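Student: Sharing a structure, written as structure tokens. Questions coming.
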Amino acid sequence: MILILAPELLANVRDAASASYGEECCGLLLGHLDGDTAKVTAVMAAENVAPEKTRNFEIDPAILFAAHKSARDGGAGIIGNYHPHPNGLARPSKTDGARAFEDNHFWLIVPIDDGGVGDAKAFYHRSGAFEEATLEVANG
């Protein structure tokens, strides 16, 4: 699986992770999936409504509803989510695995610590498991 993300969209995700350091920010990846390749056309920031924002994320249901409505009206669909791992690694955690309920979605994870934001990695969730995806940072 390949996830294509424009540099400015990745910069938005990295900036959000940096600004929320100490807590997990979160948001949606909007775009289109064509075979084994997905192109992100927009990122939609969402409030993290999880009770323990330092360890978990939960996307605000109002943002999910708005994104689904936009897709029904002809906009880009939800193809995944993004969130940072404060003081963690760019790979799905056990908590991510326990909370991943939708198959065929990408997870973009950005590691961050007091040294700054690290390199993002993409994962694809299907059949109840994550597999690392190729992340291409490019326009088009």
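Going by the structure tokens order, chains are called A, B, ..., each with residues numbered from 1, while ligands are numbered from 1 in the order shown.
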Apply DSSP to the backbone of this structure and, from range 5-93 of chain A, keep only the residues in strand (DSSP E or B); write these as a PyMOL selection string.
Tutor: chain A and resi 5+26-34+37-46+48+59+77-86
Student: Would you mind writing down, as a PyMOL selection string, each residue of range 71-140 of chain A that DSSP on the backbone assigns to alpha helix (DSSP H)?
Tutor: chain A and resi 71-72+94-99
Student: What would the file look like if the residues just selected were written as a CSV table (one decimal), in the first residue's frame with all heavy atoms?
Tutor:
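Wrote again_4.csv, looks like this:
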```csv
chain,number,residue,atom,x,y,z
A,71,ALA,N,-18.3,13.9,2.2
A,71,ALA,CA,-18.0,12.8,1.2
A,71,ALA,C,-19.3,12.4,0.5
A,71,ALA,O,-19.3,12.2,-0.7
A,71,ALA,CB,-17.4,11.6,1.9
A,72,ARG,N,-20.4,12.3,1.2
A,72,ARG,CA,-21.7,12.0,0.6
A,72,ARG,C,-22.1,13.1,-0.4
A,72,ARG,O,-22.8,12.8,-1.4
A,72,ARG,CB,-22.8,11.9,1.7
A,72,ARG,CG,-22.9,10.5,2.3
A,72,ARG,CD,-24.2,10.3,3.1
A,72,ARG,NE,-24.6,11.5,3.9
A,72,ARG,CZ,-24.2,11.7,5.2
A,72,ARG,NH1,-23.4,10.8,5.8
A,72,ARG,NH2,-24.6,12.7,5.8
A,94,LYS,N,0.0,-0.8,21.1
A,94,LYS,CA,-1.0,-1.8,21.5
A,94,LYS,C,-2.4,-1.1,21.6
A,94,LYS,O,-3.4,-1.7,21.3
A,94,LYS,CB,-0.7,-2.5,22.8
A,94,LYS,CG,0.5,-3.4,22.7
A,94,LYS,CD,0.8,-4.1,24.0
A,94,LYS,CE,2.0,-5.0,23.9
A,94,LYS,NZ,2.3,-5.7,25.1
A,95,THR,N,-2.4,0.1,22.2
A,95,THR,CA,-3.7,0.9,22.3
A,95,THR,C,-4.2,1.1,20.9
A,95,THR,O,-5.4,1.0,20.7
A,95,THR,CB,-3.5,2.2,23.0
A,95,THR,OG1,-2.9,1.9,24.3
A,95,THR,CG2,-4.7,3.0,23.2
A,96,ASP,N,-3.4,1.5,19.9
A,96,ASP,CA,-3.9,1.8,18.6
A,96,ASP,C,-4.5,0.5,18.0
A,96,ASP,O,-5.6,0.5,17.4
A,96,ASP,CB,-2.7,2.2,17.6
A,96,ASP,CG,-2.2,3.6,17.9
A,96,ASP,OD1,-2.9,4.4,18.6
A,96,ASP,OD2,-1.0,3.8,17.6
A,97,GLY,N,-3.8,-0.6,18.2
A,97,GLY,CA,-4.4,-1.9,17.7
A,97,GLY,C,-5.7,-2.3,18.4
A,97,GLY,O,-6.6,-2.7,17.7
A,98,ALA,N,-5.9,-2.0,19.6
A,98,ALA,CA,-7.1,-2.3,20.3
A,98,ALA,C,-8.3,-1.3,19.9
A,98,ALA,O,-9.4,-1.7,20.0
A,98,ALA,CB,-6.9,-2.1,21.8
A,99,ARG,N,-7.9,-0.1,19.4
A,99,ARG,CA,-8.9,0.8,19.0
A,99,ARG,C,-9.2,1.0,17.5
A,99,ARG,O,-10.0,1.7,17.1
A,99,ARG,CB,-8.6,2.2,19.6
A,99,ARG,CG,-8.6,2.2,21.1
A,99,ARG,CD,-8.3,3.5,21.7
A,99,ARG,NE,-8.5,3.5,23.1
A,99,ARG,CZ,-8.9,4.5,23.9
A,99,ARG,NH1,-9.0,5.6,23.3
A,99,ARG,NH2,-9.0,4.4,25.2
```
Student: Do a neighbour search on range 116-119 of chain A at 8 Å with only C-alpha atoms, toss out local chain neighbours closer than 2 positions, and write the hits as a list in words.
Tutor: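 Listing them by chain and then by number gives Arg14, Ala17, Ser18, Ala90, Val110, Pro111, Ile112, Asp113, Asp114 and Lys121 of chain A.
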Student: Please provide as a ChimeraX atom specification all residues within 6 Å of range 49-51 of chain A, with the sequence filter that same-chain residues fewer than 3 positions apart are discarded (counting only C-alpha atoms).
Tutor: /A:57-58,60
Student: If you keep C-alpha atoms, can you produce a file of those selected residues as a short mmCIF file (atom, residue, chain, number, x, y, z; two decimals), in the first residue's frame?
Tutor:
```cif
data_model
loop_
_atom_site.label_atom_id
_atom_site.label_comp_id
_atom_site.auth_asym_id
_atom_site.auth_seq_id
_atom_site.Cartn_x
_atom_site.Cartn_y
_atom_site.Cartn_z
CA PHE A 57 -6.63 9.95 20.93
CA GLU A 58 -10.28 9.92 20.00
CA ASP A 60 -14.35 14.33 17.87
#
```
Student: Skip range 24-39 of chain A itself and residues of its chain fewer than 3 positions away, then list as a VMD selection string all residues within 7 Å of it, counting only C-alpha atoms.
Tutor: chain A and resid 1 to 5 16 to 17 20 42 to 48 53 to 57 59 76 to 86
Student: Please, could you write that set of residues out with N, CA, C and O atoms as a compact mmCIF listing (two decimals), in the first residue's frame?
Tutor:
```
# COMPACT_ATOMS: atom_id res chain seq x y z
N MET A 1 0.84 -1.18 0.00
CA MET A 1 0.00 0.00 0.00
C MET A 1 0.88 1.24 0.00
O MET A 1 1.92 1.28 0.65
N ILE A 2 0.42 2.24 -0.72
CA ILE A 2 1.17 3.50 -0.86
C ILE A 2 0.26 4.65 -0.45
O ILE A 2 -0.89 4.72 -0.91
N LEU A 3 0.78 5.53 0.38
CA LEU A 3 0.06 6.73 0.78
C LEU A 3 0.85 7.92 0.26
O LEU A 3 2.03 8.10 0.60
N ILE A 4 0.21 8.73 -0.60
CA ILE A 4 0.85 9.92 -1.17
C ILE A 4 0.31 11.14 -0.45
O ILE A 4 -0.90 11.33 -0.34
N LEU A 5 1.24 11.96 0.03
CA LEU A 5 0.89 13.12 0.85
C LEU A 5 1.74 14.30 0.40
O LEU A 5 2.97 14.18 0.33
N ALA A 16 1.00 20.47 13.90
CA ALA A 16 -0.02 20.15 14.91
C ALA A 16 0.58 19.29 16.02
O ALA A 16 0.31 19.51 17.21
N ALA A 17 1.40 18.32 15.64
CA ALA A 17 2.04 17.45 16.63
C ALA A 17 2.96 18.27 17.54
O ALA A 17 2.97 18.10 18.76
N SER A 20 1.00 20.49 20.00
CA SER A 20 0.26 19.77 21.05
C SER A 20 1.18 18.91 21.91
O SER A 20 0.69 18.10 22.69
N ALA A 42 -6.48 16.36 1.56
CA ALA A 42 -6.67 17.32 2.65
C ALA A 42 -6.49 16.60 3.98
O ALA A 42 -6.69 15.38 4.07
N VAL A 43 -6.09 17.34 4.98
CA VAL A 43 -6.10 16.85 6.35
C VAL A 43 -7.09 17.71 7.12
O VAL A 43 -7.19 18.91 6.89
N MET A 44 -7.85 17.07 7.99
CA MET A 44 -8.86 17.77 8.76
C MET A 44 -8.55 17.58 10.24
O MET A 44 -8.69 16.48 10.76
N ALA A 45 -8.08 18.64 10.89
CA ALA A 45 -7.78 18.57 12.31
C ALA A 45 -9.05 18.32 13.10
O ALA A 45 -10.14 18.77 12.71
N ALA A 46 -8.92 17.59 14.18
CA ALA A 46 -10.06 17.29 15.04
C ALA A 46 -9.64 17.46 16.49
O ALA A 46 -8.48 17.24 16.84
N GLU A 47 -10.59 17.82 17.31
CA GLU A 47 -10.31 17.86 18.75
C GLU A 47 -10.14 16.43 19.24
O GLU A 47 -10.89 15.53 18.84
N ASN A 48 -9.17 16.23 20.10
CA ASN A 48 -8.98 14.94 20.75
C ASN A 48 -9.91 14.92 21.96
O ASN A 48 -9.71 15.67 22.91
N LYS A 53 -5.64 12.37 27.15
CA LYS A 53 -5.04 12.89 25.92
C LYS A 53 -3.53 12.69 25.85
O LYS A 53 -2.94 12.78 24.79
N THR A 54 -2.89 12.43 26.97
CA THR A 54 -1.44 12.21 26.96
C THR A 54 -1.09 10.81 26.46
O THR A 54 0.05 10.56 26.10
N ARG A 55 -2.07 9.91 26.42
CA ARG A 55 -1.79 8.52 26.04
C ARG A 55 -2.67 8.00 24.91
O ARG A 55 -2.40 6.95 24.35
N ASN A 56 -3.75 8.71 24.61
CA ASN A 56 -4.73 8.21 23.63
C ASN A 56 -5.27 9.35 22.78
O ASN A 56 -5.15 10.51 23.15
N PHE A 57 -5.89 8.96 21.70
CA PHE A 57 -6.63 9.95 20.93
C PHE A 57 -7.98 9.37 20.56
O PHE A 57 -8.16 8.16 20.41
N ILE A 59 -11.04 10.90 17.95
CA ILE A 59 -11.47 11.99 17.07
C ILE A 59 -12.88 12.43 17.44
O ILE A 59 -13.79 11.61 17.62
N ALA A 76 -14.01 14.62 -0.80
CA ALA A 76 -13.07 13.51 -0.57
C ALA A 76 -13.54 12.67 0.62
O ALA A 76 -14.12 13.19 1.56
N GLY A 77 -13.25 11.39 0.55
CA GLY A 77 -13.64 10.49 1.62
C GLY A 77 -12.56 10.36 2.68
O GLY A 77 -11.41 10.75 2.49
N ILE A 78 -12.95 9.80 3.81
CA ILE A 78 -11.99 9.52 4.88
C ILE A 78 -11.19 8.28 4.48
O ILE A 78 -11.76 7.22 4.24
N ILE A 79 -9.87 8.46 4.41
CA ILE A 79 -9.02 7.31 4.08
C ILE A 79 -8.10 6.94 5.24
O ILE A 79 -7.33 5.99 5.16
N GLY A 80 -8.20 7.70 6.32
CA GLY A 80 -7.39 7.39 7.48
C GLY A 80 -7.36 8.50 8.50
O GLY A 80 -8.18 9.41 8.47
N ASN A 81 -6.40 8.38 9.41
CA ASN A 81 -6.23 9.37 10.47
C ASN A 81 -4.75 9.64 10.70
O ASN A 81 -3.90 8.92 10.22
N TYR A 82 -4.49 10.69 11.47
CA TYR A 82 -3.12 10.98 11.90
C TYR A 82 -3.11 11.28 13.38
O TYR A 82 -4.11 11.73 13.95
N HIS A 83 -1.99 10.98 14.01
CA HIS A 83 -1.77 11.35 15.40
C HIS A 83 -0.29 11.18 15.72
O HIS A 83 0.41 10.43 15.05
N PRO A 84 0.19 11.90 16.75
CA PRO A 84 1.58 11.74 17.15
C PRO A 84 1.71 10.69 18.25
O PRO A 84 0.72 10.31 18.88
N HIS A 85 2.91 10.24 18.45
CA HIS A 85 3.23 9.42 19.61
C HIS A 85 4.24 10.22 20.44
O HIS A 85 5.44 10.16 20.17
N PRO A 86 3.74 10.97 21.44
CA PRO A 86 4.66 11.73 22.31
C PRO A 86 5.62 10.77 23.02
O PRO A 86 5.18 9.80 23.63
```
Student: Which value, in Å to one decimal, gives the distance between CA of Asp103 in chain A and CA of Ala6 in chain A?
Tutor: 23.7 Å
Student: List as a list in words the protein and nucleic acid residues near Asn104 in chain A, meaning an atom at most 8 Å away when only C-alpha atoms are counted, but skip any in the same chain fewer than 6 places from it.
Tutor: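 Near Asn104 in chain A, the qualifying residues are Ile79, Tyr124, His125 and Arg126 of chain A.
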Student: Write a file of the just-selected residues containing C-alpha atoms, as a PDB file, in the first residue's frame.
Tutor:
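Okay, this is what ended up in again-v2.pdb:
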```
ATOM      1  CA  ILE A  79      -9.021   7.307   4.082  1.00  0.00           C
ATOM      2  CA  TYR A 124      -2.561   0.389   6.633  1.00  0.00           C
ATOM      3  CA  HIS A 125      -5.130  -1.406   8.767  1.00  0.00           C
ATOM      4  CA  ARG A 126      -6.980  -4.365   7.288  1.00  0.00           C
TER       5      ARG A 126
END
```
Student: For Ala138 in chain A, which residue out of A:Leu10, A:Glu52, A:Leu64, A:Glu23 is the nearest one, using only C-alpha atoms?
Tutor: A:Leu10
Student: Looking at only C-alpha atoms, which of A:Ser93, A:Val40, A:Ala133, A:Gly22 is the one that sits closest to Leu9 in chain A?
Tutor: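 Selected residue with least distance to Leu9 in chain A: A:Val40.
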